[in-house]
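File shown: query-v9.csv (CSV, C-alpha atoms and all ligand atoms).
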```csv
chain,number,residue,atom,x,y,z
L,131,MET,CA,0.0,0.0,0.0
L,132,GLY,CA,1.3,3.5,-0.9
L,133,PRO,CA,1.9,5.9,1.9
L,134,GLY,CA,-1.2,7.8,3.0
L,135,ARG,CA,-3.7,5.8,0.9
L,136,ALA,CA,-7.0,5.2,2.7
L,137,GLY,CA,-8.6,1.8,2.9
L,138,ARG,CA,-11.3,1.3,0.3
L,139,PHE,CA,-14.6,-0.4,0.6
L,140,ILE,CA,-15.7,-2.1,-2.6
L,141,THR,CA,-18.8,-4.2,-3.0
L,142,PHE,CA,-20.2,-6.5,-5.6
L,143,GLU,CA,-23.9,-6.7,-6.3
L,144,GLY,CA,-26.3,-8.4,-8.8
L,145,ILE,CA,-29.0,-11.1,-9.0
L,146,ASP,CA,-28.0,-14.7,-8.2
L,147,GLY,CA,-26.1,-16.1,-11.2
L,148,ALA,CA,-24.5,-12.8,-12.3
L,149,GLY,CA,-21.0,-14.0,-11.8
L,150,LYS,CA,-19.9,-12.0,-8.7
L,151,SER,CA,-17.6,-14.5,-7.2
L,152,THR,CA,-15.3,-15.0,-10.2
L,153,HIS,CA,-14.8,-11.2,-10.6
L,154,LEU,CA,-14.5,-10.6,-6.9
L,155,ASP,CA,-11.5,-13.0,-6.8
L,156,ALA,CA,-9.9,-11.3,-9.9
L,157,LEU,CA,-10.4,-7.9,-8.4
L,158,ALA,CA,-8.8,-8.9,-5.1
L,159,GLN,CA,-5.8,-10.2,-7.0
L,160,ARG,CA,-5.5,-7.1,-9.1
L,161,LEU,CA,-5.5,-4.9,-6.0
L,162,ARG,CA,-3.0,-7.1,-4.1
L,163,ALA,CA,-0.6,-6.9,-7.1
L,164,ASP,CA,0.4,-3.4,-6.0
L,165,GLY,CA,0.8,-4.4,-2.3
L,166,THR,CA,-2.6,-3.4,-1.0
L,167,THR,CA,-3.9,-5.6,1.9
L,168,VAL,CA,-7.3,-6.9,0.8
L,169,HIS,CA,-10.0,-8.7,2.8
L,170,CYS,CA,-12.5,-10.7,0.8
L,171,THR,CA,-15.7,-11.2,2.6
L,172,ARG,CA,-19.5,-11.6,2.0
L,173,GLU,CA,-23.0,-10.8,3.2
L,174,PRO,CA,-24.9,-12.1,4.9
L,175,GLY,CA,-21.8,-13.4,6.7
L,176,GLY,CA,-18.2,-12.6,7.1
L,177,THR,CA,-18.0,-13.2,10.9
L,178,PRO,CA,-18.8,-16.4,12.9
L,179,LEU,CA,-22.0,-14.9,14.2
L,180,ALA,CA,-23.1,-13.4,10.8
L,181,GLU,CA,-22.3,-16.8,9.1
L,182,ARG,CA,-24.7,-18.5,11.6
L,183,LEU,CA,-27.4,-15.9,10.8
L,184,ARG,CA,-26.7,-16.5,7.1
L,185,GLU,CA,-27.5,-20.2,7.4
L,186,ARG,CA,-30.9,-19.4,8.9
L,187,VAL,CA,-31.7,-16.7,6.4
L,188,LEU,CA,-30.9,-18.9,3.5
L,189,SER,CA,-32.8,-21.9,4.7
L,190,ASP,CA,-35.6,-21.1,7.2
L,191,PRO,CA,-39.0,-19.8,6.1
L,192,MET,CA,-39.7,-16.4,7.6
L,193,ASP,CA,-41.6,-13.1,6.9
L,194,ALA,CA,-40.0,-10.2,5.2
L,195,LEU,CA,-39.4,-8.1,8.3
L,196,THR,CA,-37.7,-11.0,10.1
L,197,GLU,CA,-35.5,-11.5,7.0
L,198,ALA,CA,-34.6,-7.8,6.9
L,199,LEU,CA,-33.8,-7.7,10.6
L,200,LEU,CA,-31.6,-10.8,10.4
L,201,VAL,CA,-29.6,-9.5,7.4
L,202,PHE,CA,-29.1,-6.2,9.2
L,203,ALA,CA,-28.2,-7.9,12.5
L,204,ALA,CA,-25.6,-9.9,10.5
L,205,ARG,CA,-24.4,-6.7,8.8
L,206,ARG,CA,-24.0,-4.9,12.1
L,207,ASP,CA,-21.7,-7.6,13.5
L,208,HIS,CA,-19.8,-7.6,10.2
L,209,VAL,CA,-19.4,-3.8,10.1
L,210,VAL,CA,-18.3,-3.4,13.7
L,211,THR,CA,-15.9,-6.4,14.0
L,212,LEU,CA,-14.4,-6.7,10.5
L,213,ILE,CA,-15.2,-3.9,8.0
L,214,GLU,CA,-14.7,-0.8,10.1
L,215,PRO,CA,-11.5,-2.0,11.8
L,216,ALA,CA,-9.9,-3.0,8.5
L,217,LEU,CA,-10.7,0.3,6.9
L,218,ALA,CA,-9.4,2.2,9.9
L,219,ARG,CA,-6.1,0.3,9.4
L,220,GLY,CA,-6.0,1.6,5.8
L,221,GLU,CA,-6.8,-1.9,4.4
L,222,THR,CA,-9.2,-2.6,1.6
L,223,VAL,CA,-12.4,-4.6,2.0
L,224,VAL,CA,-14.0,-6.3,-1.0
L,225,CYS,CA,-17.5,-7.6,-0.1
L,226,ASP,CA,-19.8,-9.9,-2.0
L,227,ARG,CA,-23.1,-8.0,-1.4
L,228,PHE,CA,-24.0,-5.3,1.1
L,229,THR,CA,-27.0,-3.1,1.9
L,230,ASP,CA,-27.9,-2.5,-1.8
L,231,ALA,CA,-28.8,-6.3,-1.8
L,232,THR,CA,-31.3,-5.6,1.1
L,233,PHE,CA,-33.0,-2.9,-0.9
L,234,ALA,CA,-33.0,-5.1,-4.0
L,235,TYR,CA,-34.1,-8.4,-2.4
L,236,GLN,CA,-36.2,-7.5,0.6
L,237,GLY,CA,-37.3,-4.1,-0.9
L,238,GLY,CA,-37.6,-5.0,-4.6
L,239,GLY,CA,-38.1,-8.8,-4.5
L,240,ARG,CA,-40.3,-9.1,-1.4
L,241,GLY,CA,-41.9,-5.6,-1.7
L,242,PHE,CA,-40.8,-4.6,1.8
L,243,ASP,CA,-41.1,-0.9,2.8
L,244,ALA,CA,-37.9,0.9,1.6
L,245,ALA,CA,-38.4,3.6,4.3
L,246,VAL,CA,-38.0,1.0,7.0
L,247,LEU,CA,-34.9,-0.4,5.3
L,248,ALA,CA,-33.4,3.2,5.1
L,249,GLN,CA,-34.0,3.6,8.8
L,250,LEU,CA,-32.3,0.3,9.6
L,251,GLU,CA,-29.4,1.2,7.2
L,252,ALA,CA,-28.9,4.5,9.1
L,253,TRP,CA,-28.9,2.6,12.5
L,254,VAL,CA,-26.6,-0.2,11.4
L,255,HIS,CA,-23.9,1.6,9.4
L,256,GLY,CA,-24.6,5.4,9.7
L,257,ALA,CA,-22.3,7.2,7.4
L,258,LEU,CA,-20.4,4.2,6.1
L,259,GLN,CA,-21.0,3.5,2.5
L,260,PRO,CA,-19.0,1.6,-0.1
L,261,ASP,CA,-16.5,3.7,-2.0
L,262,LEU,CA,-17.4,1.7,-5.1
L,263,THR,CA,-20.2,-0.8,-5.9
L,264,LEU,CA,-19.9,-2.9,-9.0
L,265,TRP,CA,-23.4,-4.0,-10.0
L,266,LEU,CA,-23.2,-7.0,-12.3
L,267,ASP,CA,-26.4,-6.6,-14.3
L,268,LEU,CA,-28.0,-9.1,-16.6
L,269,PRO,CA,-31.6,-10.3,-17.4
L,270,ALA,CA,-33.2,-12.6,-14.9
L,271,GLU,CA,-33.7,-15.3,-17.5
L,272,GLU,CA,-30.0,-15.5,-18.4
L,273,ALA,CA,-29.1,-15.6,-14.7
L,274,ALA,CA,-31.5,-18.5,-14.1
L,275,ARG,CA,-29.9,-20.4,-17.0
L,276,ARG,CA,-26.5,-20.0,-15.5
L,277,ARG,CA,-27.6,-21.0,-12.0
L,278,ALA,CA,-29.3,-24.1,-13.2
L,279,ALA,CA,-26.0,-25.2,-14.7
L,280,ALA,CA,-24.0,-24.3,-11.6
L,281,ARG,CA,-25.5,-25.3,-8.2
L,282,ALA,CA,-28.3,-26.4,-5.9
L,283,ALA,CA,-30.7,-23.6,-5.1
L,284,ASP,CA,-31.1,-21.9,-1.7
L,285,ARG,CA,-34.3,-20.3,-0.4
L,286,PHE,CA,-33.8,-17.2,-2.6
L,287,GLU,CA,-32.6,-19.0,-5.7
L,288,ARG,CA,-35.8,-21.0,-5.7
L,289,GLU,CA,-37.8,-17.8,-6.4
L,290,ASP,CA,-39.4,-17.4,-9.8
L,291,LEU,CA,-38.3,-15.1,-12.7
L,292,ALA,CA,-40.7,-12.3,-11.7
L,293,PHE,CA,-39.0,-12.1,-8.3
L,294,PHE,CA,-35.6,-11.7,-9.9
L,295,GLU,CA,-36.9,-9.1,-12.3
L,296,ARG,CA,-38.1,-7.1,-9.2
L,297,VAL,CA,-34.7,-7.6,-7.6
L,298,ARG,CA,-33.1,-6.3,-10.7
L,299,ALA,CA,-35.4,-3.3,-10.8
L,300,GLY,CA,-34.5,-2.7,-7.1
L,301,TYR,CA,-30.8,-2.5,-8.1
L,302,ALA,CA,-31.6,-0.2,-11.0
L,303,ALA,CA,-33.4,2.2,-8.6
L,304,ARG,CA,-30.4,2.2,-6.2
L,305,GLN,CA,-28.1,2.9,-9.1
L,306,ALA,CA,-30.2,5.8,-10.3
L,307,ALA,CA,-30.1,7.3,-6.8
L,308,ALA,CA,-26.3,6.9,-6.4
L,309,PRO,CA,-24.8,6.8,-9.9
L,310,GLN,CA,-21.3,7.9,-8.7
L,311,ARG,CA,-20.9,5.1,-6.3
L,312,ILE,CA,-22.8,2.3,-8.1
L,313,VAL,CA,-21.4,1.4,-11.5
L,314,ARG,CA,-23.5,-0.9,-13.8
L,315,ILE,CA,-21.4,-3.6,-15.4
L,316,GLU,CA,-23.1,-5.3,-18.4
L,317,SER,CA,-22.8,-8.9,-17.4
L,318,ASP,CA,-24.7,-10.6,-20.2
L,319,ARG,CA,-21.4,-11.1,-22.0
L,320,PRO,CA,-18.3,-13.3,-22.1
L,321,ARG,CA,-16.3,-13.2,-18.8
L,322,GLU,CA,-13.4,-11.3,-20.4
L,323,GLN,CA,-15.7,-8.5,-21.5
L,324,VAL,CA,-17.2,-8.2,-18.1
L,325,TRP,CA,-13.7,-8.1,-16.5
L,326,ALA,CA,-12.6,-5.4,-19.0
L,327,GLN,CA,-15.5,-3.1,-17.8
L,328,ILE,CA,-14.4,-3.7,-14.2
L,329,GLU,CA,-10.8,-2.8,-15.0
L,330,ALA,CA,-11.8,0.3,-16.9
L,331,THR,CA,-13.9,1.4,-13.9
L,332,LEU,CA,-10.8,1.0,-11.6
L,333,GLU,CA,-8.6,2.8,-14.1
L,334,ALA,CA,-11.1,5.7,-14.4
L,335,ARG,CA,-10.7,6.2,-10.7
L,336,GLY,CA,-6.9,5.9,-10.8
L,337,TRP,CA,-7.0,2.7,-8.7
K,1,LIG,P1,-25.1,-15.1,-2.7
K,1,LIG,O1,-24.4,-13.9,-2.2
K,1,LIG,O2,-25.6,-15.2,-4.1
K,1,LIG,O3,-24.1,-16.3,-2.3
K,1,LIG,P2,-23.9,-17.7,-3.1
K,1,LIG,O4,-23.1,-17.3,-4.3
K,1,LIG,O5,-23.2,-18.5,-2.1
K,1,LIG,O6,-25.3,-18.2,-3.4
K,1,LIG,O7,-26.3,-15.5,-1.7
K,1,LIG,C1,-26.8,-14.8,-0.7
K,1,LIG,C2,-28.3,-14.7,-0.9
K,1,LIG,O8,-28.8,-13.8,0.2
K,1,LIG,C3,-28.8,-14.1,-2.2
K,1,LIG,O9,-29.8,-14.9,-2.7
K,1,LIG,C4,-29.4,-12.8,-1.8
K,1,LIG,C5,-29.7,-12.9,-0.4
K,1,LIG,N1,-29.5,-11.6,0.3
K,1,LIG,C6,-30.7,-10.9,0.7
K,1,LIG,O10,-31.8,-11.3,0.4
K,1,LIG,N2,-30.5,-9.7,1.4
K,1,LIG,C7,-29.3,-9.2,1.7
K,1,LIG,O11,-29.2,-8.1,2.3
K,1,LIG,C8,-28.1,-9.9,1.3
K,1,LIG,C9,-26.8,-9.4,1.7
K,1,LIG,C10,-28.3,-11.1,0.6
```
For this file, produce the structure as structure tokens.
Ligand code: TYD
Amino acid sequence: MGPGRAGRFITFEGIDGAGKSTHLDALAQRLRADGTTVHCTREPGGTPLAERLRERVLSDPMDALTEALLVFAARRDHVVTLIEPALARGETVVCDRFTDATFAYQGGGRGFDAAVLAQLEAWVHGALQPDLTLWLDLPAEEAARRRAAARAADRFEREDLAFFERVRAGYAARQAAAPQRIVRIESDRPREQVWAQIEATLEARGW
């Protein structure tokens, strides 16, 4: 890490099947190449307590408010014990999903009240926001096709196409409200072309 460089908080977002994990690993490698200390983590999860909450959220039936409270509870533990201390040390945190996912899934997908989510967001992480969010966007149908080829479905992944179209619309609304922070990456393309857009985004910021 160069002298005086502040730690960066970078998040990946997108509907299930968008290809976040591949590009998250590549981004971490790219940042580490210049000596930056990078923590790769995920939500819900990233700490022992938050990972236990993740297991419940991904498998137990529950109503939308319970779901929102559990993801924010997991997030609070993650922010306080991992993300904020790392950023304070000048280290970089790359996170697979953060609060934009709650607005997209619980807000867009489940139709839960965005004003309540905004209140929880303010309580849980106050002024902390990602420095950059890479939103890997693609049609719900294409994402479903990729998921079917890749893995067994969790509670969210068993939702229908209409759910994922609402999640996608939720991300689009978040992006429209924070266009500087959230960069839309067209992900309905070969992997190298997706990565090229991510690299171009970093270069545009001088990272
Ligand atoms: P995901 O990040 O896609 O992990 P994996 O690649 O292992 O499947 O899965 C997490 C799921 O949790 C995903 O379906 C979206 C959901 N989720 C929410 O509903 N709200 C949230 O705030 C977060 C962070 C995730």
message: Env of Thr152 of chain L: 12 Å cut, atoms = all atoms listed in the file, seq-sep filter 6 positions within chain, self excluded. Answer as a PyMOL selection string.
response: chain L and resi 142+158-159+226+266+321-322+324-325
Taking all atoms listed in the file into account, produce a table as a Markdown table in which each residue of chain L with an atom at most 8 Å from an atom of ligand LIG 1 (chain K) appears once, together with its shortest atom pair and the distance in Å to one decimal, ordered by chain and rising number.
```
| residue | atom | partner | partner_atom | distance |
| --- | --- | --- | --- | --- |
| L:Ile145 | CA | K:LIG1 | O2 | 7.2 |
| L:Asp146 | CA | K:LIG1 | O2 | 4.8 |
| L:Gly147 | CA | K:LIG1 | O2 | 7.2 |
| L:Lys150 | CA | K:LIG1 | O4 | 7.6 |
| L:Ser151 | CA | K:LIG1 | O4 | 6.8 |
| L:Arg172 | CA | K:LIG1 | O1 | 6.9 |
| L:Glu173 | CA | K:LIG1 | C9 | 4.3 |
| L:Pro174 | CA | K:LIG1 | C9 | 4.6 |
| L:Arg184 | CA | K:LIG1 | O8 | 7.7 |
| L:Val187 | CA | K:LIG1 | O8 | 7.4 |
| L:Leu188 | CA | K:LIG1 | O8 | 6.4 |
| L:Glu197 | CA | K:LIG1 | O10 | 7.6 |
| L:Ala198 | CA | K:LIG1 | O11 | 7.1 |
| L:Val201 | CA | K:LIG1 | O11 | 5.3 |
| L:Phe202 | CA | K:LIG1 | O11 | 7.2 |
| L:Arg205 | CA | K:LIG1 | C9 | 8.0 |
| L:Asp226 | CA | K:LIG1 | O1 | 6.1 |
| L:Arg227 | CA | K:LIG1 | C9 | 5.0 |
| L:Phe228 | CA | K:LIG1 | C9 | 5.0 |
| L:Thr229 | CA | K:LIG1 | O11 | 5.5 |
| L:Asp230 | CA | K:LIG1 | O11 | 7.1 |
| L:Ala231 | CA | K:LIG1 | O11 | 4.5 |
| L:Thr232 | CA | K:LIG1 | O11 | 3.5 |
| L:Phe233 | CA | K:LIG1 | O11 | 7.2 |
| L:Ala234 | CA | K:LIG1 | N2 | 7.5 |
| L:Tyr235 | CA | K:LIG1 | O10 | 4.6 |
| L:Gln236 | CA | K:LIG1 | O10 | 5.8 |
| L:Ala283 | CA | K:LIG1 | O6 | 7.8 |
| L:Asp284 | CA | K:LIG1 | O6 | 7.1 |
| L:Arg285 | CA | K:LIG1 | O9 | 7.4 |
| L:Phe286 | CA | K:LIG1 | O9 | 4.6 |
| L:Glu287 | CA | K:LIG1 | O9 | 5.8 |
```
| Hey, can you check how far atom CA of Ala257 of chain L sits from atom CA of Gly137 of chain L? |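 Separation between atom CA of Ala257 of chain L and atom CA of Gly137 of chain L: 15.4 Å.
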Pairwise distance, atom CA of Thr167 of chain L with atom CA of Arg138 of chain L, equals 10.2 Å
Review point. Nearest to Glu272 of chain L: which of L:Asp318, L:Glu143, L:Glu333, L:Glu185 is it, counting all atoms listed in the file?
Key: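 Selected residue with least distance to Glu272 of chain L: L:Asp318.
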